>>> print(open('coords13.cif').read())   # mmCIF, C-alpha atoms
data_query
#
loop_
_atom_site.group_PDB
_atom_site.id
_atom_site.type_symbol
_atom_site.label_atom_id
_atom_site.label_comp_id
_atom_site.auth_asym_id
_atom_site.auth_seq_id
_atom_site.Cartn_x
_atom_site.Cartn_y
_atom_site.Cartn_z
ATOM 1 C CA MET A 246 -0.985 11.107 -13.745
ATOM 2 C CA ALA A 247 -1.226 12.685 -10.296
ATOM 3 C CA GLU A 248 0.155 16.119 -9.547
ATOM 4 C CA PRO A 249 3.713 16.077 -8.197
ATOM 5 C CA ILE A 250 3.951 16.362 -4.432
ATOM 6 C CA ASN A 251 5.604 19.554 -3.247
ATOM 7 C CA LEU A 252 6.085 21.442 -0.002
ATOM 8 C CA ALA A 253 2.723 23.197 -0.414
ATOM 9 C CA ALA A 254 0.929 19.821 -0.634
ATOM 10 C CA ILE A 255 2.671 18.646 2.524
ATOM 11 C CA MET A 256 1.898 21.858 4.391
ATOM 12 C CA ALA A 257 -1.775 21.609 3.354
ATOM 13 C CA GLY A 258 -2.139 18.429 5.457
ATOM 14 C CA ARG A 259 -1.476 17.714 9.096
ATOM 15 C CA LEU A 260 0.516 15.174 11.076
ATOM 16 C CA ARG A 261 -1.207 12.767 13.456
ATOM 17 C CA ASP A 262 0.376 10.764 16.261
ATOM 18 C CA ALA A 263 1.226 7.308 14.886
ATOM 19 C CA GLY A 264 3.384 5.868 17.648
ATOM 20 C CA HIS A 265 6.185 6.372 20.103
ATOM 21 C CA LEU A 266 9.823 5.315 20.221
ATOM 22 C CA ASN A 267 12.135 4.736 23.170
ATOM 23 C CA TYR A 268 15.715 5.961 22.866
ATOM 24 C CA GLY A 269 16.721 4.821 26.347
ATOM 25 C CA LYS A 270 18.541 7.382 28.481
ATOM 26 C CA ARG A 271 18.273 9.965 25.698
ATOM 27 C CA GLY A 272 14.465 10.030 25.969
ATOM 28 C CA GLY A 273 11.517 9.185 23.750
ATOM 29 C CA GLY A 274 10.453 10.049 20.242
ATOM 30 C CA THR A 275 7.155 10.429 18.433
ATOM 31 C CA ILE A 276 6.200 9.062 15.024
ATOM 32 C CA TRP A 277 3.829 11.316 13.079
ATOM 33 C CA GLN A 278 1.948 10.234 9.961
ATOM 34 C CA HIS A 279 0.749 12.763 7.401
ATOM 35 C CA THR A 280 -3.052 12.855 7.194
ATOM 36 C CA THR A 281 -3.356 13.251 3.412
ATOM 37 C CA ILE A 282 -0.085 11.647 2.258
ATOM 38 C CA PRO A 283 0.068 8.405 4.299
ATOM 39 C CA ARG A 284 3.427 7.409 2.787
ATOM 40 C CA LEU A 285 5.003 10.355 4.650
ATOM 41 C CA GLN A 286 6.030 10.152 8.273
ATOM 42 C CA ALA A 287 8.025 12.429 10.543
ATOM 43 C CA ILE A 288 9.960 11.231 13.559
ATOM 44 C CA ASP A 289 10.671 13.717 16.332
ATOM 45 C CA ARG A 290 13.488 12.271 18.368
ATOM 46 C CA PRO A 291 16.263 13.236 20.730
ATOM 47 C CA THR A 292 19.765 13.595 19.352
ATOM 48 C CA LEU A 293 21.621 10.350 19.956
ATOM 49 C CA SER A 294 25.055 11.652 20.843
ATOM 50 C CA VAL A 295 26.880 14.770 21.998
ATOM 51 C CA GLU A 296 28.378 15.030 18.504
ATOM 52 C CA GLU A 297 24.916 14.992 16.905
ATOM 53 C CA THR A 298 23.685 17.605 19.399
ATOM 54 C CA ASP A 299 26.640 19.841 18.511
ATOM 55 C CA ARG A 300 26.084 19.313 14.764
ATOM 56 C CA VAL A 301 22.351 20.175 14.750
ATOM 57 C CA GLY A 302 22.559 22.757 17.520
ATOM 58 C CA ALA A 303 19.624 21.273 19.458
ATOM 59 C CA THR A 304 18.822 18.302 21.684
ATOM 60 C CA ARG A 305 15.845 17.179 19.546
ATOM 61 C CA MET A 306 15.442 16.806 15.821
ATOM 62 C CA ARG A 307 12.904 15.817 13.151
ATOM 63 C CA GLU A 308 13.626 13.204 10.510
ATOM 64 C CA TRP A 309 11.312 12.583 7.572
ATOM 65 C CA SER A 310 10.572 9.096 6.298
ATOM 66 C CA VAL A 311 8.830 7.854 3.160
ATOM 67 C CA ASP A 312 7.461 4.288 2.900
ATOM 68 C CA GLY A 313 9.048 3.462 6.266
ATOM 69 C CA GLY A 314 12.539 4.015 4.860
ATOM 70 C CA LYS A 315 15.499 5.837 6.292
ATOM 71 C CA GLY A 316 14.786 9.351 7.443
ATOM 72 C CA GLY A 317 16.139 12.519 5.961
ATOM 73 C CA SER A 318 15.210 16.092 5.239
ATOM 74 C CA ILE A 319 11.842 17.312 3.991
ATOM 75 C CA GLU A 320 13.477 17.930 0.611
ATOM 76 C CA ASP A 321 14.639 14.282 0.460
ATOM 77 C CA ALA A 322 11.116 13.184 1.384
ATOM 78 C CA ILE A 323 9.552 15.254 -1.417
ATOM 79 C CA VAL A 324 11.865 13.622 -3.971
ATOM 80 C CA ALA A 325 11.002 10.132 -2.628
ATOM 81 C CA LEU A 326 7.252 10.848 -2.592
ATOM 82 C CA ASN A 327 7.314 11.605 -6.311
ATOM 83 C CA VAL A 328 8.514 8.063 -7.044
ATOM 84 C CA PRO A 329 5.775 5.395 -6.800
ATOM 85 C CA PRO A 330 6.315 2.668 -4.195
ATOM 86 C CA VAL A 331 7.505 -0.695 -5.489
ATOM 87 C CA LEU A 332 5.787 -3.759 -4.022
ATOM 88 C CA SER A 333 7.069 -7.307 -3.984
ATOM 89 C CA LEU A 334 4.963 -10.149 -5.373
ATOM 90 C CA GLY A 335 4.274 -11.303 -1.803
ATOM 91 C CA GLU A 336 3.023 -7.833 -0.854
ATOM 92 C CA PHE A 337 0.682 -7.801 -3.881
ATOM 93 C CA VAL A 338 -0.663 -11.229 -2.855
ATOM 94 C CA VAL A 339 -1.328 -10.052 0.703
ATOM 95 C CA LEU A 340 -2.849 -6.761 -0.501
ATOM 96 C CA ALA A 341 -5.265 -8.654 -2.770
ATOM 97 C CA LYS A 342 -6.535 -10.616 0.247
ATOM 98 C CA VAL A 343 -7.074 -7.665 2.608
ATOM 99 C CA PRO A 344 -10.804 -6.921 2.950
ATOM 100 C CA ALA A 345 -12.032 -3.398 2.249
ATOM 101 C CA GLU A 346 -12.980 -2.970 5.936
ATOM 102 C CA PHE A 347 -12.217 -5.086 8.968
ATOM 103 C CA ASP A 348 -12.221 -4.805 12.726
ATOM 104 C CA TRP A 349 -10.008 -7.659 13.924
ATOM 105 C CA LEU A 350 -6.491 -7.472 12.528
ATOM 106 C CA ARG A 351 -5.479 -10.811 14.044
ATOM 107 C CA ALA A 352 -8.342 -12.602 12.251
ATOM 108 C CA VAL A 353 -7.338 -11.059 8.902
ATOM 109 C CA GLN A 354 -3.683 -11.977 9.447
ATOM 110 C CA ALA A 355 -4.637 -15.573 10.260
ATOM 111 C CA ARG A 356 -6.996 -15.842 7.265
ATOM 112 C CA ILE A 357 -4.369 -14.519 4.836
ATOM 113 C CA ALA A 358 -1.735 -16.843 6.326
ATOM 114 C CA GLY A 359 -4.099 -19.811 5.951
ATOM 115 C CA ILE A 360 -4.304 -20.484 9.685
ATOM 116 C CA ALA A 361 -7.462 -21.047 11.727
ATOM 117 C CA GLU A 362 -8.034 -17.933 13.825
ATOM 118 C CA GLU A 363 -7.995 -19.939 17.058
ATOM 119 C CA ASP A 364 -4.601 -21.381 16.031
ATOM 120 C CA ALA A 365 -3.052 -17.967 15.336
ATOM 121 C CA PRO A 366 0.112 -17.647 17.400
ATOM 122 C CA THR A 367 0.342 -15.226 20.288
ATOM 123 C CA CYS A 368 3.793 -14.282 19.008
ATOM 124 C CA VAL A 369 4.201 -13.747 15.253
ATOM 125 C CA ASN A 370 7.614 -15.436 15.353
ATOM 126 C CA ASP A 371 5.908 -18.723 16.264
ATOM 127 C CA HIS A 372 4.553 -19.241 12.734
ATOM 128 C CA PRO A 373 6.534 -18.343 9.584
ATOM 129 C CA ARG A 374 3.495 -17.681 7.327
ATOM 130 C CA TYR A 375 1.859 -15.491 9.972
ATOM 131 C CA CYS A 376 5.154 -13.619 10.395
ATOM 132 C CA ALA A 377 5.464 -13.088 6.608
ATOM 133 C CA VAL A 378 1.895 -11.758 6.417
ATOM 134 C CA THR A 379 2.547 -9.410 9.342
ATOM 135 C CA GLU A 380 5.701 -8.057 7.684
ATOM 136 C CA ALA A 381 3.858 -7.531 4.377
ATOM 137 C CA LEU A 382 0.975 -5.740 6.140
ATOM 138 C CA MET A 383 3.411 -3.444 7.943
ATOM 139 C CA ARG A 384 5.122 -2.580 4.649
ATOM 140 C CA LEU A 385 1.720 -1.964 2.990
ATOM 141 C CA ARG A 386 0.852 0.300 5.926
ATOM 142 C CA HIS A 387 4.077 2.267 5.449
ATOM 143 C CA VAL A 388 3.350 2.877 1.762
ATOM 144 C CA GLY A 389 -0.194 3.983 2.601
ATOM 145 C CA LEU A 390 -2.062 1.078 1.006
ATOM 146 C CA VAL A 391 -3.717 -0.255 4.173
ATOM 147 C CA ARG A 392 -4.680 1.299 7.477
ATOM 148 C CA LEU A 393 -4.048 -1.019 10.385
ATOM 149 C CA GLU A 394 -4.826 1.338 13.246
ATOM 150 C CA GLN A 395 -8.325 1.904 14.534
ATOM 151 C CA ARG A 396 -8.203 5.682 14.592
ATOM 152 C CA PRO A 397 -10.841 8.064 15.881
ATOM 153 C CA VAL A 398 -13.461 9.124 13.383
ATOM 154 C CA GLU A 399 -15.578 12.293 13.500
ATOM 155 C CA LYS A 400 -16.757 12.057 17.121
ATOM 156 C CA ARG A 401 -14.115 11.936 19.810
ATOM 157 C CA GLY A 402 -13.895 8.519 21.442
ATOM 158 C CA GLU A 403 -15.515 6.628 18.545
ATOM 159 C CA PHE A 404 -13.396 4.424 16.335
ATOM 160 C CA GLY A 405 -13.874 3.450 12.731
ATOM 161 C CA PRO A 406 -12.924 0.163 11.099
ATOM 162 C CA ARG A 407 -9.529 -0.506 9.637
ATOM 163 C CA THR A 408 -9.707 0.160 5.915
ATOM 164 C CA MET A 409 -7.984 0.096 2.586
ATOM 165 C CA PRO A 410 -7.945 3.554 0.989
ATOM 166 C CA MET A 411 -10.383 3.918 -1.907
ATOM 167 C CA ILE A 412 -7.517 4.123 -4.387
ATOM 168 C CA CYS A 413 -6.775 0.434 -3.739
ATOM 169 C CA ARG A 414 -10.198 -1.153 -3.929
ATOM 170 C CA THR A 415 -12.913 -1.736 -6.456
ATOM 171 C CA GLN A 416 -16.511 -2.779 -5.923
ATOM 172 C CA GLY A 417 -15.454 -6.407 -5.552
ATOM 173 C CA GLY A 418 -12.525 -5.625 -3.265
ATOM 174 C CA ALA A 419 -9.991 -6.521 -5.953
ATOM 175 C CA VAL A 420 -6.774 -4.571 -6.184
ATOM 176 C CA HIS A 421 -5.818 -2.473 -9.171
ATOM 177 C CA GLY A 422 -2.370 -3.547 -10.334
#
>>> encode(input="coords13.cif", output="C-alpha cells")
Amino acid sequence: MAEPINLAAIMAGRLRDAGHLNYGKRGGGTIWQHTTIPRLQAIDRPTLSVEETDRVGATRMREWSVDGGKGGSIEDAIVALNVPPVLSLGEFVVLAKVPAEFDWLRAVQARIAGIAEEDAPTCVNDHPRYCAVTEALMRLRHVGLVRLEQRPVEKRGEFGPRTMPMICRTQGGAVHG
C-alpha cells in the first residue's frame, strides 16, 4: 500500500498552470495541477460576492480540488487524496482503450467511440458516443489516470506526447484493475 499523502508530500511537489477560468466582471482564475499528485488541483479565483470578500478578508482566494470535485481547504484535499478514486464501468472501458502514448486526441476519441476519424464531429454534442468518451476522458484526466495536454518536456518549446502514467499501463497497454 502507498504511503498516505500529507502536507509534506504536497509541499514537495509544485503546481503547474492547467487552465484559466472566466468569472465575468469579477475577473479571471487560474487552475493549477500538482506535478507529482495529478489528482490534486488548486483554483486561484476572485471572490464572487462582497459577502465572500468580507468573510475571507481578501479579493482572491484559493480552493483545492481532488478528482475534479468541489473545492475546499488543503486539509479537505488531503483527506480526499487518501481515498482511492472510484471509476465507473464506462470509465474503465475507455481507460482500457487509451493507448500508452498518442499525439492526436481527436483520433483517439473517435477510435474509442467507434467513429471514423474523418466523421468525428466538430462539436462533441453532435454525437452521443463521442460525447460520452470525451466526458470519460476528462474524468480520467481529473483522477490522474491519463494526460490529455501536450505539455512541455525538458527543453523549452518542445512538447511530448500525451501519455498514460506508468502506474496504469503494462507492456501490452492493458490496464491493471
>>> residues_near_point(input="coords13.cif", point="(21.8, 5.6, 19.6)", cutoff="9 Å", atoms="all atoms listed in the file", output="MDAnalysis selection string")
chainID A and resid 268:269 271 292:294
>>> atom_distance(input="coords13.cif", atom1="atom CA of Gly313 of chain A", atom2="atom CA of Glu296 of chain A")
25.6 Å
>>> closest_residue(input="coords13.cif", among="A:Val311, A:Leu350, A:Ala257, A:Val339", to="Val324 of chain A", atoms="only C-alpha atoms")
A:Val311
>>> axis_aligned_box(input="coords13.cif", around="segment 291-294 of chain A", padding_each_side="4 Å", output="JSON")
{"center_x": 20.7, "center_y": 12.0, "center_z": 20.1, "size_x": 16.8, "size_y": 11.2, "size_z": 9.5}
>>> residues_near_point(input="coords13.cif", point="(12.4, 12.6, 9.7)", cutoff="12 Å", atoms="only C-alpha atoms", output="PyMOL selection string")
chain A and resi 274-279+285-291+305-323
>>> write_last_selection(input="coords13.cif", atoms="C-alpha atoms", output="compact mmCIF listing (two decimals), in the coordinates of the input")
# COMPACT_ATOMS: atom_id res chain seq x y z
CA GLY A 274 10.45 10.05 20.24
CA THR A 275 7.16 10.43 18.43
CA ILE A 276 6.20 9.06 15.02
CA TRP A 277 3.83 11.32 13.08
CA GLN A 278 1.95 10.23 9.96
CA HIS A 279 0.75 12.76 7.40
CA LEU A 285 5.00 10.36 4.65
CA GLN A 286 6.03 10.15 8.27
CA ALA A 287 8.02 12.43 10.54
CA ILE A 288 9.96 11.23 13.56
CA ASP A 289 10.67 13.72 16.33
CA ARG A 290 13.49 12.27 18.37
CA PRO A 291 16.26 13.24 20.73
CA ARG A 305 15.84 17.18 19.55
CA MET A 306 15.44 16.81 15.82
CA ARG A 307 12.90 15.82 13.15
CA GLU A 308 13.63 13.20 10.51
CA TRP A 309 11.31 12.58 7.57
CA SER A 310 10.57 9.10 6.30
CA VAL A 311 8.83 7.85 3.16
CA ASP A 312 7.46 4.29 2.90
CA GLY A 313 9.05 3.46 6.27
CA GLY A 314 12.54 4.01 4.86
CA LYS A 315 15.50 5.84 6.29
CA GLY A 316 14.79 9.35 7.44
CA GLY A 317 16.14 12.52 5.96
CA SER A 318 15.21 16.09 5.24
CA ILE A 319 11.84 17.31 3.99
CA GLU A 320 13.48 17.93 0.61
CA ASP A 321 14.64 14.28 0.46
CA ALA A 322 11.12 13.18 1.38
CA ILE A 323 9.55 15.25 -1.42
>>> atom_distance(input="coords13.cif", atom1="atom CA of Ala247 of chain A", atom2="atom CA of Asn327 of chain A")
9.5 Å
>>> resolve_selection(input="coords13.cif", expression="the PyMOL selection byres ((chain A and resi 385) around 10)", output="list in words")
Arg284, Asp312, Gly313, Pro330, Leu332, Glu336, Phe337, Val339, Leu340, Thr379, Glu380, Ala381, Leu382, Met383, Arg384, Arg386, His387, Val388, Gly389, Leu390, Val391, Arg392, Leu393 and Met409 of chain A
